[in-house]
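Novice: Below are the structure tokens for one structure; questions will follow.
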Amino acid sequence: MGTSGKLRLGVNIDHVATVRNARGTAWPDPLRAAILAEASGADGITAHLREDRRHIRDADMEALRAGIGIPLNFECAATDEMQAILLRLKPHAACLVPEKREERTTEGGLDVAGDQARLTRYVGALRDAGIRVSMFIGHDPAQIEASAAIGAAVVELHTGHYSDLDAEGRAEEAAVELAALSKGATLAASLGLEVHAGHGLTYENVEPVAAIPEVMELNIGHFLVGEALFRGLGPAIEEMRRRMDAARGLA
Ligand code: PXP
């Protein structure tokens with residue numbers, strides 16, 4: 001366990017934009033947060049351009065694409081509008097997520113198995129443009145197999161349910177969910193998919209996920225932006241990095 005090398009940390013800066021948008025000002029600036037994250041050891045920046053633009057806006061994506069030196073992971077729904085933006089901006093990676101207007105955050109994984117023909121064409125166009133495509137899914141084997149079948153390079157396993165169970169003190173159920181995530185990671189890697197994970201991760205729950213050997217990258221946002229209020233964004237990221245490394249036996 002935990003011997004498969006350094007994990008990448010993708011820092012999601014959506015909620016810097018949430019705070020900015022609360023007042024309609026230009027600050028705090030998500031690009032400034034991304035540059036600071038890069039200087040503090042982030043391996044990539046993730047940002048979600050939602051259909052309703054509730055946090056990140058089109059101009060933020062343009063600024064991030066031009067302004068950071070580490071890979072940009074552009075999260076979005078698999079819509080025609082987003083595909084056109086992706087093909088114009090050509091970020092390093094695109095993470096396709098389900099999106100409902102009424103949800104507070106991305107609640108479940110994408111139904112890849114139920115939309116295979118369309119997603120094969122959708123992902124193919126992005127791949128032809130040199131964009132690495134990731135599917136944000138649950139650990140259901142059918143979704144993992146479908147992600148491989150449609151030609152995705154990466155799956156990001158949704159850790160939200162595990163995080164919720166852990167936060168509610170439901171330790172046994174959290175352990176069952178963690179085991180399912182681990183099994184999903186093994187299956188995905190055996191199919192040639194790179195495995196990422198994220199959603200709801202905190203200092204308290206990150207280590208068991210970081211210890212899953214097939215997981216290559218974690219994407220973490222809300223907790224880090226909150227923690228930045230207390231210790232600053234750089235130190236908040238550095239502490240997450242330290243815990244990830246410890247879980248991997250690198251500290
Ligand atoms: N990965 C994906 C695909 C997400 O949708 C999100 C939330 O935007 C995250 C990771 C980060 O989740 P959190 O903000 O809870 O750390």
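For the structure tokens, the naming scheme is as follows: chains receive sequential letters (A, B, ...) according to their order of presentation, residues are indexed from 1 within each chain, and ligands are indexed from 1 in presentation order.
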Give as a ChimeraX atom specification the residues surrounding ligand 1 up to a distance of 10 Å, considering only C-alpha atoms and all ligand atoms.
Specialist: /A:10-15,46-50,73-77,94-99,105-110,134-137,155-160,163,196-202,218-226
Novice: For Ile237 of chain A, please output as a PyMOL selection string all residues within 7 Å (counting only C-alpha atoms; exclusion window: fewer than 4 positions along the same chain).
Specialist: chain A and resi 40+224+233+241
Novice: Write the residues you've just listed into a file as a PDB file, in the first residue's frame, and include C-alpha atoms for each of them.
Specialist:
ATOM      1  CA  SER A  40       3.021  26.305  -3.253  1.00  0.00           C
ATOM      2  CA  LEU A 224      -8.478  24.230   0.651  1.00  0.00           C
ATOM      3  CA  LEU A 233      -3.609  29.386   0.634  1.00  0.00           C
ATOM      4  CA  ARG A 241       0.724  17.903   0.061  1.00  0.00           C
TER       5      ARG A 241
END
Novice: Would you mind writing down, as a list in words, each residue of segment 26-78 of chain A that DSSP on the backbone assigns to strand (DSSP E)?
Specialist: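 Across segment 26-78 of chain A, those assigned strand (DSSP E) are Gly44, Ile45, Thr46, Ala47, His48, Leu72, Asn73, Phe74, Glu75 and Cys76 of chain A.
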Novice: Neighbours of Glu177 of chain A within 10 Å (only C-alpha atoms; same-chain residues fewer than 3 positions away dropped), as a ChimeraX atom specification?
Specialist: /A:139,159,161-163,165-166,171-174,180-183
Novice: Please produce an output containing C-alpha atoms for each residue in the selection, written as an mmCIF file, in the first residue's frame.
Specialist:
data_model
loop_
_atom_site.group_PDB
_atom_site.id
_atom_site.type_symbol
_atom_site.label_atom_id
_atom_site.label_comp_id
_atom_site.auth_asym_id
_atom_site.auth_seq_id
_atom_site.Cartn_x
_atom_site.Cartn_y
_atom_site.Cartn_z
ATOM 1 C CA HIS A 139 -16.850 3.303 -8.870
ATOM 2 C CA THR A 159 -15.048 10.515 -3.486
ATOM 3 C CA HIS A 161 -19.991 9.717 -0.858
ATOM 4 C CA TYR A 162 -16.947 8.406 1.025
ATOM 5 C CA SER A 163 -16.278 11.935 2.338
ATOM 6 C CA LEU A 165 -19.963 9.034 5.295
ATOM 7 C CA ASP A 166 -16.653 9.775 6.994
ATOM 8 C CA ALA A 171 -16.905 4.598 9.768
ATOM 9 C CA GLU A 172 -17.951 1.131 8.655
ATOM 10 C CA GLU A 173 -19.881 2.412 5.655
ATOM 11 C CA ALA A 174 -17.025 4.765 4.786
ATOM 12 C CA ALA A 180 -15.178 -0.012 -3.578
ATOM 13 C CA LEU A 181 -13.188 3.026 -4.717
ATOM 14 C CA SER A 182 -9.991 1.009 -4.403
ATOM 15 C CA LYS A 183 -11.466 -1.880 -6.391
#
Novice: Considering only C-alpha atoms, return as a ChimeraX atom specification whatever protein or nucleic-acid residues lie within 7 Å of Leu72 of chain A, sequence-local ones (same chain, fewer than 3 positions apart) excluded.
Specialist: /A:44-46,65,91-93
Novice: Could you save the residues just selected, with C-alpha atoms, as an mmCIF file, in the first residue's frame?
Specialist:
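The resulting again15.cif:
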data_model
loop_
_atom_site.group_PDB
_atom_site.id
_atom_site.type_symbol
_atom_site.label_atom_id
_atom_site.label_comp_id
_atom_site.auth_asym_id
_atom_site.auth_seq_id
_atom_site.Cartn_x
_atom_site.Cartn_y
_atom_site.Cartn_z
ATOM 1 C CA GLY A 44 -2.247 21.395 -11.740
ATOM 2 C CA ILE A 45 -5.189 23.776 -11.534
ATOM 3 C CA THR A 46 -8.778 22.635 -11.890
ATOM 4 C CA ARG A 65 -5.155 29.185 -19.826
ATOM 5 C CA PRO A 91 -6.487 23.143 -22.119
ATOM 6 C CA HIS A 92 -4.214 20.293 -21.053
ATOM 7 C CA ALA A 93 -7.192 18.268 -19.838
#
Novice: In Å, rounded to a single decimal, give me how far atom CA of Pro213 of chain A is from atom CA of Ala152 of chain A.
Specialist: 20.3 Å
Novice: Nearest to Ser190 of chain A: which of A:Glu168, A:Glu145, A:Glu204, A:Asp58 is it, counting only C-alpha atoms?
Specialist: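 Checking each candidate against Ser190 of chain A, we get A:Glu145 as the closest.
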Novice: Can you pull out every residue from segment 78-221 of chain A that DSSP, working from the backbone, puts in helix (DSSP H, G or I), and format the result as an NGL selection string?
Specialist: :A and (80-89 or 113-128 or 141-149 or 160-167 or 171-190 or 206-210)
Novice: Measuring between only C-alpha atoms, which one of A:Leu64, A:Ala117, A:Arg53, A:Ala228 shows the shortest distance to Leu31 of chain A?
Specialist: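 With only C-alpha atoms as the atom set, the closest residue is A:Leu64.
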Novice: Just the residues within 7 Å of Asp111 of chain A, please, counting only C-alpha atoms, with nothing from its chain fewer than 3 positions along; format it as a ChimeraX atom specification.
Specialist: /A:114-115,143
